[in-house]
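work28.txt (compact mmCIF, C-alpha atoms and all ligand atoms) appears below.
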# COMPACT_ATOMS: atom_id res chain seq x y z
CA MET H 73 0.00 0.00 0.00
CA LYS H 74 1.34 3.39 -0.98
CA CYS H 75 0.42 6.89 0.19
CA LEU H 76 -2.13 8.19 -2.34
CA ILE H 77 -0.59 11.64 -2.21
CA CYS H 78 3.20 11.21 -2.26
CA GLY H 79 3.46 7.56 -3.30
CA GLN H 80 5.66 6.59 -0.38
CA ASP H 81 5.33 3.06 0.92
CA LEU H 82 3.03 2.89 3.94
CA GLU H 83 4.10 -0.48 5.24
CA THR H 84 6.33 0.56 8.12
CA GLU H 85 3.82 3.04 9.37
CA LEU H 86 0.97 0.56 8.99
CA SER H 87 2.57 -2.25 10.95
CA PHE H 88 3.36 0.16 13.76
CA THR H 89 -0.26 1.33 13.87
CA SER H 90 -1.47 -2.27 13.76
CA LEU H 91 0.63 -3.12 16.78
CA LEU H 92 -0.79 -0.23 18.72
CA LEU H 93 -4.41 -0.80 17.82
CA LEU H 94 -4.17 -4.56 17.43
CA LYS H 95 -6.01 -4.29 14.16
CA LYS H 96 -5.23 -3.23 10.68
CA GLU H 97 -6.90 0.04 9.92
CA GLU H 98 -7.11 1.17 6.37
CA THR H 99 -4.88 4.14 5.79
CA TYR H 100 -4.51 5.86 2.47
CA THR H 101 -1.94 8.53 3.18
CA CYS H 102 1.24 8.81 5.17
CA SER H 103 0.97 10.97 8.27
CA ALA H 104 3.35 13.57 6.82
CA CYS H 105 1.00 14.18 3.89
CA PHE H 106 -2.11 14.15 6.03
CA ASN H 107 -0.58 16.64 8.44
CA HIS H 108 -0.29 19.18 5.64
CA PHE H 109 -4.06 19.52 5.70
CA GLU H 110 -5.04 22.15 8.23
CA ARG H 111 -8.05 21.69 10.46
CA ILE H 112 -10.23 24.72 11.12
CA SER H 113 -9.24 26.11 14.52
CA PRO H 114 -11.69 26.60 17.41
CA GLU H 115 -11.80 30.27 16.50
CA HIS H 116 -14.25 30.23 13.59
CA CYS H 117 -17.53 31.80 12.54
CA PRO H 118 -20.16 30.13 14.74
CA THR H 119 -22.51 29.57 11.83
CA CYS H 120 -20.31 28.68 8.84
CA PHE H 121 -16.91 27.70 10.35
CA LYS H 122 -14.99 30.45 8.51
CA GLU H 123 -11.54 30.51 10.08
CA GLY H 124 -10.58 33.43 12.31
CA GLU H 125 -14.05 34.89 12.94
CA THR H 126 -15.70 34.95 16.35
CA SER H 127 -19.17 36.20 15.44
CA PRO H 128 -21.34 35.55 12.35
CA CYS H 129 -19.20 36.57 9.36
CA GLN H 130 -20.18 38.83 6.46
CA ASP H 131 -21.20 35.88 4.28
CA CYS H 132 -23.52 34.62 7.00
CA GLN H 133 -25.00 38.07 7.52
CA TYR H 134 -25.68 38.28 3.80
CA TRP H 135 -27.53 34.95 3.84
CA TYR H 136 -29.46 36.02 6.91
CA LYS H 137 -30.76 39.03 4.95
CA GLU H 138 -31.73 36.65 2.15
CA GLY H 139 -33.84 34.75 4.64
CA ILE H 140 -31.42 31.89 5.23
CA GLN H 141 -30.08 30.97 8.63
CA VAL H 142 -26.69 29.39 7.94
CA GLU H 143 -25.97 26.26 9.97
CA HIS H 144 -22.83 24.90 8.46
CA GLU H 145 -19.96 22.73 9.61
CA ALA H 146 -16.62 22.27 7.87
CA VAL H 147 -13.43 20.43 8.76
CA PHE H 148 -10.42 21.82 6.91
CA THR H 149 -9.20 25.18 5.64
CA TYR H 150 -8.44 25.68 1.96
CA ASN H 151 -4.65 25.82 2.30
CA GLU H 152 -1.99 24.94 -0.29
CA ALA H 153 -2.12 21.21 0.45
CA MET H 154 -5.90 21.20 0.04
CA LYS H 155 -5.67 23.22 -3.16
CA ASP H 156 -3.21 20.67 -4.59
CA TYR H 157 -5.43 17.85 -3.43
CA PHE H 158 -8.52 19.19 -5.17
CA HIS H 159 -6.55 20.01 -8.26
CA ARG H 160 -5.42 16.43 -8.57
CA TYR H 161 -8.74 14.96 -7.52
CA LYS H 162 -11.10 17.10 -9.57
CA PHE H 163 -9.17 18.38 -12.54
CA ASP H 164 -6.55 15.69 -13.12
CA GLY H 165 -9.21 13.13 -12.34
CA ASP H 166 -7.16 11.07 -9.89
CA TYR H 167 -10.21 9.27 -8.57
CA LEU H 168 -8.27 7.13 -6.10
CA LEU H 169 -7.84 10.27 -4.03
CA ARG H 170 -11.53 10.11 -3.02
CA LYS H 171 -10.47 7.83 -0.18
CA VAL H 172 -8.18 10.29 1.60
CA PHE H 173 -10.94 11.79 3.77
CA THR H 174 -13.22 8.78 4.15
CA LYS H 175 -12.39 8.20 7.80
CA VAL H 176 -12.67 11.85 8.79
CA LEU H 177 -16.05 12.22 7.12
CA TYR H 178 -17.36 8.98 8.56
CA GLN H 179 -16.49 10.16 12.08
CA LYS H 180 -17.94 13.62 11.54
CA PHE H 181 -21.23 12.29 10.21
CA GLN H 182 -21.87 10.25 13.36
CA LYS H 183 -23.50 13.19 15.08
CA TYR H 184 -25.95 13.66 12.18
CA LYS H 185 -27.36 10.16 12.42
CA ASP H 186 -30.98 11.30 12.34
CA TYR H 187 -30.38 13.41 9.22
CA GLN H 188 -30.69 12.18 5.63
CA LEU H 189 -27.59 12.89 3.61
CA VAL H 190 -28.13 14.79 0.34
CA LEU H 191 -25.28 15.66 -2.03
CA ILE H 192 -24.85 18.58 -4.39
CA PRO H 193 -25.28 17.04 -7.86
CA LEU H 194 -23.46 17.61 -11.14
CA SER H 195 -25.38 18.34 -14.31
CA LYS H 196 -25.80 15.43 -16.76
CA GLU H 197 -23.46 17.16 -19.21
CA ARG H 198 -20.74 17.61 -16.59
CA LEU H 199 -21.19 14.08 -15.33
CA GLN H 200 -20.70 12.76 -18.86
CA GLN H 201 -17.62 14.89 -19.26
CA ARG H 202 -16.03 13.80 -16.00
CA GLY H 203 -17.45 10.31 -15.75
CA VAL H 204 -17.80 10.60 -11.98
CA ASN H 205 -19.26 12.95 -9.42
CA GLN H 206 -16.36 13.77 -7.13
CA VAL H 207 -18.61 14.85 -4.29
CA GLU H 208 -20.18 11.40 -4.41
CA GLY H 209 -16.70 9.90 -4.45
CA LEU H 210 -15.84 11.48 -1.11
CA ILE H 211 -18.89 9.88 0.50
CA GLU H 212 -18.65 6.51 -1.22
CA GLY H 213 -16.00 5.06 1.07
CA THR H 214 -17.92 5.94 4.23
CA GLY H 215 -20.55 3.38 3.28
CA LEU H 216 -23.27 5.88 4.19
CA SER H 217 -26.29 6.09 1.95
CA TYR H 218 -27.55 9.32 0.51
CA TYR H 219 -30.70 10.57 -1.14
CA ASN H 220 -30.61 11.57 -4.75
CA ILE H 221 -33.35 14.17 -4.85
CA ILE H 222 -31.81 17.12 -6.70
CA ASP H 223 -31.00 17.64 -10.37
CA LYS H 224 -28.79 20.25 -11.93
CA LYS H 225 -29.74 21.78 -15.24
CA GLU H 226 -26.98 23.20 -17.41
CA VAL H 227 -28.17 26.56 -18.73
CA LYS H 228 -25.86 28.81 -20.70
CA ALA H 229 -26.20 32.52 -20.09
CA SER H 230 -27.02 34.59 -23.17
CA SER H 231 -28.21 38.11 -23.89
CA SER H 232 -31.61 37.04 -25.21
CA MET H 233 -32.67 35.54 -21.88
CA ASN H 234 -35.90 36.34 -20.14
CA ARG H 235 -36.19 36.67 -16.38
CA ALA H 236 -37.07 33.02 -15.80
CA ASP H 237 -34.01 31.93 -17.78
CA ARG H 238 -31.77 34.21 -15.79
CA LEU H 239 -33.08 32.84 -12.51
CA GLN H 240 -32.38 29.36 -13.83
CA VAL H 241 -28.75 30.33 -14.45
CA GLU H 242 -28.50 31.69 -10.94
CA ASN H 243 -30.02 28.60 -9.40
CA PRO H 244 -29.69 25.70 -11.84
CA PHE H 245 -30.89 23.18 -9.26
CA VAL H 246 -34.32 21.60 -9.18
CA ILE H 247 -35.92 19.04 -6.92
CA LYS H 248 -36.62 15.82 -8.79
CA GLU H 249 -40.23 15.18 -9.56
CA GLY H 250 -42.13 12.84 -7.30
CA VAL H 251 -39.45 12.50 -4.60
CA LYS H 252 -40.37 12.57 -0.93
CA ILE H 253 -38.56 15.35 0.92
CA PRO H 254 -36.97 14.02 4.13
CA GLU H 255 -37.79 15.86 7.35
CA LYS H 256 -34.17 16.40 8.29
CA ILE H 257 -31.43 16.86 5.74
CA LEU H 258 -27.68 17.18 5.93
CA LEU H 259 -26.65 18.83 2.67
CA PHE H 260 -23.07 17.98 1.68
CA ASP H 261 -20.65 19.64 -0.70
CA ASP H 262 -16.88 19.35 -1.02
CA ILE H 263 -15.96 23.02 -0.66
CA TYR H 264 -17.89 25.95 0.85
CA THR H 265 -16.70 29.26 -0.58
CA THR H 266 -19.39 31.92 -0.30
CA GLY H 267 -22.08 29.36 0.39
CA ALA H 268 -24.11 30.45 -2.64
CA THR H 269 -24.75 26.99 -4.07
CA ILE H 270 -25.44 25.14 -0.87
CA ASN H 271 -27.57 27.88 0.71
CA ARG H 272 -29.72 28.31 -2.40
CA ILE H 273 -30.42 24.60 -2.44
CA LYS H 274 -31.13 24.75 1.27
CA LYS H 275 -33.71 27.48 0.71
CA MET H 276 -35.30 25.48 -2.09
CA LEU H 277 -35.60 22.38 0.11
CA ILE H 278 -37.10 24.35 2.99
CA GLU H 279 -39.65 25.82 0.61
CA ALA H 280 -40.40 22.28 -0.54
CA GLY H 281 -41.28 21.31 3.02
CA CYS H 282 -38.09 20.11 4.71
CA GLN H 283 -38.29 20.87 8.44
CA LYS H 284 -34.62 21.04 9.31
CA ILE H 285 -31.52 21.41 7.17
CA LYS H 286 -27.90 21.64 8.17
CA THR H 287 -25.05 21.90 5.72
CA PHE H 288 -21.60 20.35 5.75
CA SER H 289 -18.46 20.62 3.66
CA LEU H 290 -15.04 19.05 3.85
CA VAL H 291 -13.41 22.44 3.27
CA ARG H 292 -14.27 26.02 4.17
ZN ZN H 301 2.49 10.79 1.69
ZN ZN H 302 -20.01 32.66 8.65

Would you mind writing the structure in this file as structure tokens?
Ligand SMILES: [Zn+2]
Ligand SMILES: [Zn+2]
Amino acid sequence: MKCLICGQDLETELSFTSLLLLKKEETYTCSACFNHFERISPEHCPTCFKEGETSPCQDCQYWYKEGIQVEHEAVFTYNEAMKDYFHRYKFDGDYLLRKVFTKVLYQKFQKYKDYQLVLIPLSKERLQQRGVNQVEGLIEGTGLSYYNIIDKKEVKASSSMNRADRLQVENPFVIKEGVKIPEKILLFDDIYTTGATINRIKKMLIEAGCQKIKTFSLVR
């Protein structure tokens, strides 16, 4: 077994861990590589986990004015190591890398046991292009099931658009027809930047009758 990030052999490290824990845990990276990822410190925005804020940040205040109460949790900051990771995972298509955060996500999701997991989808066109949905990839290894209740429509912006078309560009997500909306949802995306995507979908699901939605991303 080799570290998925640097390619170094993991055997020495693994046998040492096995001795300590008396079982062989699956590890996909060496500890040096994993330590380059930076966890969000205790000093973060209370509602979206933005690093270095102690009260609701500007993004969260913006969403509040839009009628959305942000309730988000994230694990890591978007530092250089994370940037490299996502570059390789998403754009170079190194799909093996989906396993790097399996354990972390599995542990984090334990406290959301009574929530149904819903993932941010890719459009059909994008899915065909990439072959895989990388957000789905991150969850796959956790063995947790998720509900597939949202579709993404690819709409290209053009000058001849009417108002409805423009709104569709702004929020290209729709709830699939005929699906039952769970009462409690944990909406998951890989990266939370301004929160635009995830919070718009959240609003849509609340309007569709969901009672309680929290959001979660690997990175903030
Ligand atoms: Zn490594
Ligand atoms: Zn915030």

Within 7 Å of ligand ZN 302 (chain H), counting all atoms listed in the file, residues as an MDAnalysis selection string: chainID H and resid 117:122 128:132

Nearby residues (all atoms listed in the file) at most 10 Å from segment 251-258 of chain H, same-chain spacing under 4 positions excluded, as a list of chain:residue names: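 Residues meeting the cut-off are H:His144, H:Phe181, H:Tyr184, H:Lys185, H:Asp186, H:Tyr187, H:Gln188, H:Leu189, H:Val190, H:Leu191, H:Tyr218, H:Tyr219, H:Asn220, H:Ile221, H:Ile222, H:Ile247, H:Lys274, H:Leu277, H:Ile278, H:Ala280, H:Gly281, H:Cys282, H:Gln283, H:Lys284, H:Ile285, H:Lys286, H:Thr287, H:Phe288.
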
With the cut-off set at 10 Å and counting all atoms listed in the file, tabulate each residue of chain H with an atom at most that distance from an atom of ligand ZN 301 (chain H), showing the nearest atom pair and its distance in Å to one decimal, ordered by chain and increasing number, as a tab-separated table.
residue	atom	partner	partner_atom	distance
H:Lys74	CA	H:ZN301	ZN	8.0
H:Cys75	CA	H:ZN301	ZN	4.7
H:Leu76	CA	H:ZN301	ZN	6.7
H:Ile77	CA	H:ZN301	ZN	5.0
H:Cys78	CA	H:ZN301	ZN	4.0
H:Gly79	CA	H:ZN301	ZN	6.0
H:Gln80	CA	H:ZN301	ZN	5.7
H:Asp81	CA	H:ZN301	ZN	8.3
H:Leu82	CA	H:ZN301	ZN	8.2
H:Tyr100	CA	H:ZN301	ZN	8.6
H:Thr101	CA	H:ZN301	ZN	5.2
H:Cys102	CA	H:ZN301	ZN	4.2
H:Ser103	CA	H:ZN301	ZN	6.8
H:Ala104	CA	H:ZN301	ZN	5.9
H:Cys105	CA	H:ZN301	ZN	4.3
H:Phe106	CA	H:ZN301	ZN	7.2
H:Asn107	CA	H:ZN301	ZN	9.4
H:His108	CA	H:ZN301	ZN	9.7

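Our summary of the geometry notes that atom CA of Leu199 of chain H is positioned 17.3 Å from atom CA of Arg160 of chain H.
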
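When the distance limit is 8 Å and all atoms listed in the file are what count, the residues near Ile270 of chain H, minus those fewer than 4 positions from it on the same chain, are H:Ile192, H:Leu259, H:Phe260, H:Asp261, H:Tyr264, H:Lys274, H:Thr287.
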
Keeping C-alpha atoms for every residue in the selection just given, could you write it to a file as a CSV table (one decimal), in the coordinates of the input?
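And here's part.csv as it stands now:
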chain,number,residue,atom,x,y,z
H,192,ILE,CA,-24.8,18.6,-4.4
H,259,LEU,CA,-26.6,18.8,2.7
H,260,PHE,CA,-23.1,18.0,1.7
H,261,ASP,CA,-20.6,19.6,-0.7
H,264,TYR,CA,-17.9,26.0,0.8
H,274,LYS,CA,-31.1,24.8,1.3
H,287,THR,CA,-25.0,21.9,5.7

Residue nearest Val246 of chain H among H:Gln201, H:Gln179, H:Asn234, H:Ser195 (counting only C-alpha atoms):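 Of all the options, H:Ser195 lies closest to Val246 of chain H.
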
One-decimal distance in Å that lies between atom CA of Arg235 of chain H and atom CA of Met276 of chain H: 18.2 Å

Of the listed residues H:Ser127, H:Pro114, H:Ala236, H:Phe173, that which approaches Thr99 of chain H most closely, counting only C-alpha atoms: H:Phe173

One-decimal distance in Å that lies between atom CA of Arg111 of chain H and atom CA of Arg170 of chain H: 18.1 Å

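Across H:Ser289, H:Lys183, H:Gly165, H:Ala146, the tightest approach to Ile211 of chain H is made by H:Ser289 when counting all atoms listed in the file.
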
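If all atoms listed in the file are the atoms counted, then among H:Gly203, H:Gly139, H:Pro244, H:Gly250 the closest residue to Thr269 of chain H is H:Pro244.
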